[in-house]
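Text of coords-v5.cif, listed as mmCIF, C-alpha atoms:
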```cif
data_model
loop_
_atom_site.label_atom_id
_atom_site.label_comp_id
_atom_site.auth_asym_id
_atom_site.auth_seq_id
_atom_site.Cartn_x
_atom_site.Cartn_y
_atom_site.Cartn_z
CA MET R 1 -10.64 22.42 3.30
CA ILE R 2 -7.12 22.50 4.67
CA PHE R 3 -8.58 21.36 7.98
CA LEU R 4 -9.95 18.26 6.23
CA PHE R 5 -6.50 17.56 4.82
CA TYR R 6 -4.87 17.85 8.24
CA MET R 7 -7.48 15.62 9.86
CA LEU R 8 -7.18 12.86 7.24
CA SER R 9 -3.38 13.04 7.36
CA ALA R 10 -3.34 12.78 11.14
CA ILE R 11 -5.62 9.74 11.01
CA MET R 12 -3.41 8.14 8.37
CA VAL R 13 -0.10 8.71 10.12
CA ILE R 14 -1.36 7.68 13.57
CA SER R 15 -3.01 4.50 12.32
CA ALA R 16 0.10 3.67 10.24
CA LEU R 17 2.19 3.99 13.41
CA PHE R 18 -0.25 1.66 15.17
CA VAL R 19 0.18 -0.83 12.30
CA VAL R 20 3.89 -0.90 13.04
CA PHE R 21 3.80 -0.85 16.82
CA SER R 22 0.77 -2.89 17.87
CA LYS R 23 1.48 -6.55 18.46
CA SER R 24 -1.71 -8.41 17.60
CA PRO R 25 -2.13 -9.13 13.85
CA ILE R 26 -5.88 -8.49 13.99
CA ASN R 27 -5.27 -5.00 15.39
CA ASN R 28 -2.73 -4.39 12.62
CA VAL R 29 -5.32 -5.23 9.97
CA ILE R 30 -7.98 -3.03 11.60
CA PHE R 31 -5.63 -0.05 11.80
CA LEU R 32 -4.51 -0.58 8.21
CA ILE R 33 -8.17 -0.53 7.11
CA ILE R 34 -8.65 2.79 8.96
CA CYS R 35 -5.55 4.13 7.22
CA PHE R 36 -6.86 3.05 3.81
CA ILE R 37 -10.28 4.61 4.37
CA ALA R 38 -8.58 7.90 5.25
CA MET R 39 -6.58 7.52 2.04
CA ALA R 40 -9.81 7.15 0.06
CA GLY R 41 -10.83 10.47 1.63
CA HIS R 42 -7.59 11.95 0.31
CA TYR R 43 -8.42 10.65 -3.17
CA ILE R 44 -11.80 12.35 -3.04
CA LEU R 45 -10.10 15.54 -1.87
CA LEU R 46 -7.79 15.26 -4.88
CA ASN R 47 -10.85 14.94 -7.13
CA ALA R 48 -10.01 11.33 -8.14
CA GLN R 49 -13.40 9.74 -7.60
CA PHE R 50 -12.69 6.65 -9.69
CA LEU R 51 -9.55 5.85 -7.71
CA ALA R 52 -11.36 6.43 -4.41
CA VAL R 53 -14.02 3.86 -5.30
CA VAL R 54 -11.50 1.36 -6.69
CA HIS R 55 -9.32 1.83 -3.61
CA ILE R 56 -12.21 1.09 -1.25
CA ILE R 57 -13.30 -1.96 -3.28
CA VAL R 58 -9.88 -3.47 -3.95
CA TYR R 59 -7.95 -2.65 -0.79
CA THR R 60 -10.42 -2.55 2.06
CA GLY R 61 -12.86 -4.90 0.36
CA ALA R 62 -10.58 -7.56 -1.05
CA ILE R 63 -6.98 -7.36 0.13
CA MET R 64 -7.55 -6.61 3.80
CA VAL R 65 -10.32 -9.21 4.02
CA LEU R 66 -7.84 -11.68 2.51
CA PHE R 67 -5.37 -10.77 5.26
CA LEU R 68 -8.06 -11.28 7.90
CA PHE R 69 -8.98 -14.63 6.35
CA VAL R 70 -5.40 -15.86 6.49
CA ILE R 71 -4.92 -14.66 10.07
CA MET R 72 -8.09 -16.39 11.21
CA LEU R 73 -7.42 -19.51 9.12
CA LEU R 74 -3.96 -19.96 10.60
CA ASN R 75 -5.14 -18.91 14.09
CA LEU R 76 -2.29 -16.44 14.36
CA ASN R 77 -3.84 -14.21 16.97
CA LYS R 78 -2.86 -16.57 19.75
CA ALA R 79 0.65 -17.32 18.58
CA ILE R 80 2.74 -14.40 19.82
CA ILE R 81 5.84 -14.02 17.70
CA PRO R 82 8.88 -13.04 19.76
CA GLN R 83 9.91 -9.52 18.88
CA LYS R 84 13.29 -8.50 17.64
CA SER R 85 15.87 -7.53 20.20
CA LYS R 86 15.63 -4.09 21.72
CA MET R 87 18.78 -2.89 19.99
CA THR R 88 17.44 -3.95 16.58
CA ARG R 89 14.14 -2.18 17.21
CA ILE R 90 15.82 1.06 18.26
CA MET R 91 18.05 0.87 15.20
CA ALA R 92 14.98 0.26 13.01
CA VAL R 93 13.33 3.44 14.32
CA ILE R 94 16.53 5.44 13.82
CA ALA R 95 17.00 4.07 10.31
CA GLY R 96 13.39 4.91 9.45
CA GLY R 97 13.86 8.46 10.71
CA ILE R 98 17.07 8.94 8.77
CA PHE R 99 15.41 7.52 5.66
CA PHE R 100 12.59 10.03 6.13
CA LEU R 101 15.05 12.91 6.28
CA VAL R 102 16.91 11.71 3.18
CA LEU R 103 13.68 11.33 1.18
CA LEU R 104 12.50 14.76 2.33
CA ALA R 105 15.77 16.33 1.24
CA ALA R 106 15.64 14.50 -2.10
CA THR R 107 12.07 15.58 -2.88
CA ARG R 108 12.62 19.23 -1.98
CA GLN R 109 13.60 20.02 -5.56
CA THR R 110 10.24 18.88 -6.89
CA PHE R 111 8.48 21.63 -4.97
CA GLU R 112 9.14 24.19 -7.71
CA ILE R 113 7.98 22.16 -10.74
CA GLN R 114 5.46 24.05 -12.82
CA PRO R 115 2.40 22.22 -14.23
CA ARG R 116 2.63 21.17 -17.86
CA TYR R 117 -1.05 21.31 -18.79
CA PRO R 118 -3.65 23.96 -17.97
CA PHE R 119 -5.63 23.09 -14.89
CA THR R 120 -8.86 21.13 -15.31
CA SER R 121 -10.79 19.57 -12.45
CA GLU R 122 -12.23 16.67 -14.46
CA ILE R 123 -9.10 14.52 -14.64
CA GLY R 124 -10.17 11.89 -12.13
CA LEU R 125 -13.65 11.27 -13.44
CA VAL R 126 -14.49 7.82 -14.78
CA ALA R 127 -14.93 9.09 -18.36
CA ASN R 128 -11.47 10.62 -18.56
CA ILE R 129 -9.72 7.70 -16.86
CA GLY R 130 -11.54 5.24 -19.12
CA LYS R 131 -10.58 7.13 -22.27
CA THR R 132 -6.93 7.23 -21.28
CA LEU R 133 -6.93 3.61 -20.13
CA PHE R 134 -8.47 2.21 -23.30
CA HIS R 135 -6.69 4.46 -25.79
CA GLU R 136 -3.11 4.81 -24.63
CA TYR R 137 -2.79 1.93 -22.16
CA LEU R 138 -4.81 -0.81 -23.83
CA LEU R 139 -1.91 -3.27 -24.19
CA PRO R 140 -0.78 -3.06 -20.52
CA PHE R 141 -4.41 -3.44 -19.49
CA GLU R 142 -4.73 -6.68 -21.45
CA LEU R 143 -1.36 -7.90 -20.24
CA SER R 144 -2.46 -7.39 -16.64
CA SER R 145 -5.04 -10.13 -17.18
CA VAL R 146 -2.17 -12.50 -18.05
CA LEU R 147 -0.45 -11.37 -14.83
CA PHE R 148 -3.58 -12.20 -12.86
CA LEU R 149 -3.78 -15.64 -14.45
CA ALA R 150 -0.14 -16.30 -13.58
CA ALA R 151 -0.69 -15.11 -9.99
CA MET R 152 -3.76 -17.30 -9.66
CA VAL R 153 -1.94 -20.39 -10.92
CA GLY R 154 1.00 -19.61 -8.65
CA ALA R 155 -1.21 -19.18 -5.60
CA VAL R 156 -2.95 -22.49 -6.28
CA MET R 157 0.40 -24.23 -6.76
CA PHE R 158 1.71 -22.82 -3.48
CA GLY R 159 -1.47 -23.63 -1.63
CA LYS R 160 -1.58 -27.25 -2.73
CA LYS R 161 -0.20 -29.95 -0.48
CA ASP R 162 3.23 -31.14 -1.53
CA HIS R 163 2.77 -34.64 -2.97
CA LEU R 164 6.44 -35.51 -2.83
CA SER R 165 6.72 -34.91 0.89
CA ASP R 166 3.55 -36.92 1.48
CA GLU R 167 5.04 -40.01 -0.12
CA ASN R 168 8.25 -39.83 1.87
CA MET D 1 -17.51 20.75 -9.54
CA LYS D 2 -16.32 24.29 -8.91
CA GLU D 3 -15.92 23.79 -5.15
CA ILE D 4 -13.98 20.56 -5.49
CA SER D 5 -11.54 22.02 -7.98
CA SER D 6 -10.84 24.88 -5.59
CA ALA D 7 -9.95 22.30 -2.92
CA ILE D 8 -6.94 21.15 -4.95
CA GLN D 9 -5.77 24.70 -5.43
CA LEU D 10 -6.03 25.46 -1.72
CA ILE D 11 -3.69 22.68 -0.57
CA PRO D 12 -0.08 23.00 -1.76
CA LEU D 13 1.48 20.02 -3.49
CA GLU D 14 4.32 19.99 -0.94
CA TYR D 15 1.93 18.82 1.75
CA TYR D 16 1.11 15.69 -0.23
CA ILE D 17 4.80 15.03 -0.91
CA ILE D 18 5.61 15.29 2.78
CA LEU D 19 2.67 13.06 3.72
CA SER D 20 3.68 10.36 1.25
CA VAL D 21 7.30 10.47 2.33
CA THR D 22 6.18 10.10 5.95
CA LEU D 23 4.02 7.08 5.16
CA PHE D 24 6.77 5.47 3.07
CA SER D 25 9.28 5.89 5.92
CA ILE D 26 6.80 4.39 8.38
CA GLY D 27 6.48 1.40 6.04
CA VAL D 28 10.26 0.98 5.80
CA MET D 29 10.54 1.25 9.57
CA GLY D 30 7.85 -1.39 10.01
CA ILE D 31 9.65 -3.80 7.71
CA LEU D 32 12.83 -3.39 9.76
CA PHE D 33 10.90 -3.53 13.03
CA ARG D 34 8.66 -6.58 12.84
CA ARG D 35 9.34 -10.32 12.69
CA ASN D 36 5.83 -11.44 11.81
CA ILE D 37 5.71 -12.01 8.05
CA ILE D 38 2.07 -10.91 7.81
CA ALA D 39 2.89 -7.59 9.50
CA ILE D 40 5.74 -7.16 7.02
CA LEU D 41 3.34 -7.72 4.11
CA MET D 42 1.05 -5.10 5.63
CA CYS D 43 3.87 -2.58 5.85
CA LEU D 44 4.58 -3.35 2.19
CA GLU D 45 0.98 -2.44 1.38
CA LEU D 46 1.47 0.81 3.28
CA MET D 47 4.46 1.68 1.09
CA PHE D 48 2.52 0.83 -2.08
CA ASN D 49 -0.24 3.16 -0.97
CA SER D 50 2.01 6.06 -0.16
CA VAL D 51 3.41 5.86 -3.70
CA ASN D 52 -0.14 5.67 -5.06
CA LEU D 53 -1.09 8.82 -3.16
CA LEU D 54 1.94 10.67 -4.50
CA LEU D 55 1.18 9.64 -8.10
CA THR D 56 -2.43 10.73 -7.72
CA ALA D 57 -1.42 14.06 -6.23
CA PHE D 58 0.98 14.81 -9.06
CA SER D 59 -1.60 13.69 -11.60
CA ALA D 60 -4.28 15.94 -10.11
CA TYR D 61 -2.05 18.98 -9.80
CA HIS D 62 -0.57 18.65 -13.27
CA SER D 63 -3.89 17.68 -14.91
CA ASP D 64 -2.51 14.55 -16.57
CA PRO D 65 -4.70 11.41 -16.33
CA SER D 66 -1.80 9.03 -17.04
CA GLY D 67 -0.74 9.14 -13.39
CA GLN D 68 -4.09 7.88 -12.21
CA VAL D 69 -4.09 5.09 -14.81
CA PHE D 70 -0.69 4.13 -13.46
CA VAL D 71 -2.12 3.99 -9.92
CA PHE D 72 -4.77 1.63 -11.28
CA PHE D 73 -2.04 -0.66 -12.64
CA ILE D 74 -0.19 -0.53 -9.32
CA MET D 75 -3.38 -1.67 -7.60
CA ILE D 76 -3.62 -4.61 -10.05
CA VAL D 77 -0.03 -5.64 -9.33
CA ALA D 78 -0.58 -5.25 -5.57
CA ALA D 79 -3.60 -7.54 -5.68
CA ALA D 80 -1.62 -10.24 -7.52
CA GLU D 81 1.33 -9.79 -5.14
CA VAL D 82 -0.87 -10.18 -2.06
CA ALA D 83 -2.46 -13.37 -3.42
CA VAL D 84 0.94 -14.98 -4.01
CA GLY D 85 2.43 -13.61 -0.78
CA LEU D 86 -0.36 -14.87 1.42
CA SER D 87 -0.23 -18.31 -0.17
CA ILE D 88 3.50 -18.34 0.65
CA VAL D 89 2.57 -17.46 4.25
CA VAL D 90 0.09 -20.36 4.36
CA MET D 91 2.73 -22.74 2.97
CA MET D 92 5.31 -21.50 5.46
CA LYS D 93 2.90 -21.97 8.37
CA ARG D 94 2.20 -25.49 7.15
CA ASN D 95 5.87 -26.44 6.76
CA VAL D 96 7.62 -24.79 9.71
CA GLU D 97 4.62 -24.16 11.99
CA SER D 98 5.46 -20.48 12.43
CA VAL D 99 5.28 -17.12 10.68
CA ASP D 100 8.58 -15.86 12.07
CA ILE D 101 10.81 -14.71 9.22
CA ASN D 102 13.98 -15.45 11.19
CA LEU D 103 13.29 -19.13 10.53
CA LEU D 104 13.54 -18.54 6.77
CA ASN D 105 17.30 -18.12 6.67
CA ARG D 106 18.40 -21.04 4.51
CA LEU D 107 19.10 -18.77 1.54
CA LYS D 108 20.95 -16.25 3.65
CA TRP D 109 24.55 -17.14 2.96
#
```
Structure encoded using structure tokens:
Amino acid sequence: MIFLFYMLSAIMVISALFVVFSKSPINNVIFLIICFIAMAGHYILLNAQFLAVVHIIVYTGAIMVLFLFVIMLLNLNKAIIPQKSKMTRIMAVIAGGIFFLVLLAATRQTFEIQPRYPFTSEIGLVANIGKTLFHEYLLPFELSSVLFLAAMVGAVMFGKKDHLSDEN
Amino acid sequence: MKEISSAIQLIPLEYYIILSVTLFSIGVMGILFRRNIIAILMCLELMFNSVNLLLTAFSAYHSDPSGQVFVFFIMIVAAAEVAVGLSIVVMMKRNVESVDINLLNRLKW
């Protein structure tokens, strides 16, 4: 079981590094999809079946396909963006490494937290998640529909051609 | 169900914390590293997902379903954010004919 954890983690970290370091946007999207599928495996390992399914549907099914659509619509694979200067890139890697060390040092204290509730393995099942979602978090759930409506209207407004600039 | 529940107890929680911290740092490094705005949005998704993994791990180890409901809400917000962000990318490509974020510096000073 620990072997499965190591394998999924290695896939995730390596494909995340490829997302950062590979130049073509299409390759970035493909590696990010691999990373997300490995993360769905982690969710199943953590016994969160509902989240694993939602993660596959929402992220790999909707969001990454949206990214691919935009890249192909704008024909970005040909247009090579000039990279940042070498100094900036080296400093970015150093800053990321230092940030990693700081976060690791900050989260070391959480290693000794004791669980609050007795252990049950049925937390991530659809029945339990649904009960919690519709009893305790009903208002945020309904408000999220308003958020979606606002995002949809905003996306349409951004995507529309600017009439003012057309007239000028 | 018995075998799956033993899987959680075999892997220490520290491993998940270290994995999430690693992924979050890779996301931060990518945002500093790239100039393509779509790659930066992808690194943002990576950071979202590392936080999701950490919340799920804590929720599973502490047997509290609120953490997983919270992950569900984060996914909702991420979907809305990506829709608006990608439409901004399309608008930027239409107006300045590029997806280089160094061209978007009019609000810098």
### Message
Please enumerate the residues selected by the PyMOL selection byres ((chain R and resi 84) around 8) when evaluated against the supplied file, formatted as a PyMOL selection string.
### Response
(chain R and resi 82-83+85-86+88-89) or (chain D and resi 33-35)
Please list, as an mmCIF file with C-alpha atoms, in the frame of the given file, the residues that have an atom at most 9 Å away from (-5.5, -12.6, 3.4) in the coordinates of this file, counting only C-alpha atoms.
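Result saved to part.cif:
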```cif
data_model
loop_
_atom_site.group_PDB
_atom_site.id
_atom_site.type_symbol
_atom_site.label_atom_id
_atom_site.label_comp_id
_atom_site.auth_asym_id
_atom_site.auth_seq_id
_atom_site.Cartn_x
_atom_site.Cartn_y
_atom_site.Cartn_z
ATOM 1 C CA ALA R 62 -10.580 -7.560 -1.050
ATOM 2 C CA ILE R 63 -6.980 -7.360 0.130
ATOM 3 C CA MET R 64 -7.550 -6.610 3.800
ATOM 4 C CA VAL R 65 -10.320 -9.210 4.020
ATOM 5 C CA LEU R 66 -7.840 -11.680 2.510
ATOM 6 C CA PHE R 67 -5.370 -10.770 5.260
ATOM 7 C CA LEU R 68 -8.060 -11.280 7.900
ATOM 8 C CA PHE R 69 -8.980 -14.630 6.350
ATOM 9 C CA VAL R 70 -5.400 -15.860 6.490
ATOM 10 C CA ILE R 71 -4.920 -14.660 10.070
ATOM 11 C CA ILE D 38 2.070 -10.910 7.810
ATOM 12 C CA VAL D 82 -0.870 -10.180 -2.060
ATOM 13 C CA ALA D 83 -2.460 -13.370 -3.420
ATOM 14 C CA LEU D 86 -0.360 -14.870 1.420
ATOM 15 C CA SER D 87 -0.230 -18.310 -0.170
#
```
Using all atoms listed in the file, the residue out of D:Met75, D:Val96, D:Leu19, D:Ile101 with shortest distance to Ala57 (chain D) is D:Leu19
Name the residues that the PyMOL selection byres ((chain D and resi 13) around 8) picks from the file above, as a PDB file with C-alpha atoms, in the frame of the given file, using the file's chain letters and numbers.
```pdb
ATOM      1  CA  PHE R 111       8.480  21.630  -4.970  1.00  0.00           C
TER       2      PHE R 111
ATOM      3  CA  ILE D  11      -3.690  22.680  -0.570  1.00  0.00           C
ATOM      4  CA  PRO D  12      -0.080  23.000  -1.760  1.00  0.00           C
ATOM      5  CA  GLU D  14       4.320  19.990  -0.940  1.00  0.00           C
ATOM      6  CA  TYR D  15       1.930  18.820   1.750  1.00  0.00           C
ATOM      7  CA  TYR D  16       1.110  15.690  -0.230  1.00  0.00           C
ATOM      8  CA  ILE D  17       4.800  15.030  -0.910  1.00  0.00           C
ATOM      9  CA  ALA D  57      -1.420  14.060  -6.230  1.00  0.00           C
ATOM     10  CA  PHE D  58       0.980  14.810  -9.060  1.00  0.00           C
ATOM     11  CA  TYR D  61      -2.050  18.980  -9.800  1.00  0.00           C
TER      12      TYR D  61
END
```
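Distance annotation: of D:Asp100, D:Leu53, D:Leu107, D:Asp64, the residue with the minimal separation from Gly41 (chain R) is D:Leu53; atom set is only C-alpha atoms.
Computed from the coordinates, the CA of Leu74 (chain R) to CA of Gly159 (chain R) distance equals 13.0 Å.
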Tell me which residues the PyMOL selection byres ((chain R and resi 22) around 12) grabs here, as a PDB file with C-alpha atoms, in the frame of the given file.
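Below is the file selection-v6.pdb, written as the result:
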```
ATOM      1  CA  ILE R  14      -1.360   7.680  13.570  1.00  0.00           C
ATOM      2  CA  SER R  15      -3.010   4.500  12.320  1.00  0.00           C
ATOM      3  CA  ALA R  16       0.100   3.670  10.240  1.00  0.00           C
ATOM      4  CA  LEU R  17       2.190   3.990  13.410  1.00  0.00           C
ATOM      5  CA  PHE R  18      -0.250   1.660  15.170  1.00  0.00           C
ATOM      6  CA  VAL R  19       0.180  -0.830  12.300  1.00  0.00           C
ATOM      7  CA  VAL R  20       3.890  -0.900  13.040  1.00  0.00           C
ATOM      8  CA  PHE R  21       3.800  -0.850  16.820  1.00  0.00           C
ATOM      9  CA  LYS R  23       1.480  -6.550  18.460  1.00  0.00           C
ATOM     10  CA  SER R  24      -1.710  -8.410  17.600  1.00  0.00           C
ATOM     11  CA  PRO R  25      -2.130  -9.130  13.850  1.00  0.00           C
ATOM     12  CA  ILE R  26      -5.880  -8.490  13.990  1.00  0.00           C
ATOM     13  CA  ASN R  27      -5.270  -5.000  15.390  1.00  0.00           C
ATOM     14  CA  ASN R  28      -2.730  -4.390  12.620  1.00  0.00           C
ATOM     15  CA  VAL R  29      -5.320  -5.230   9.970  1.00  0.00           C
ATOM     16  CA  ILE R  30      -7.980  -3.030  11.600  1.00  0.00           C
ATOM     17  CA  PHE R  31      -5.630  -0.050  11.800  1.00  0.00           C
ATOM     18  CA  LEU R  32      -4.510  -0.580   8.210  1.00  0.00           C
ATOM     19  CA  ILE R  80       2.740 -14.400  19.820  1.00  0.00           C
ATOM     20  CA  GLN R  83       9.910  -9.520  18.880  1.00  0.00           C
TER      21      GLN R  83
ATOM     22  CA  GLY D  30       7.850  -1.390  10.010  1.00  0.00           C
ATOM     23  CA  PHE D  33      10.900  -3.530  13.030  1.00  0.00           C
ATOM     24  CA  ARG D  34       8.660  -6.580  12.840  1.00  0.00           C
ATOM     25  CA  ASN D  36       5.830 -11.440  11.810  1.00  0.00           C
ATOM     26  CA  ALA D  39       2.890  -7.590   9.500  1.00  0.00           C
TER      27      ALA D  39
END
```
CA of Ile40 (chain D) to CA of Val53 (chain R) measures 25.8 Å
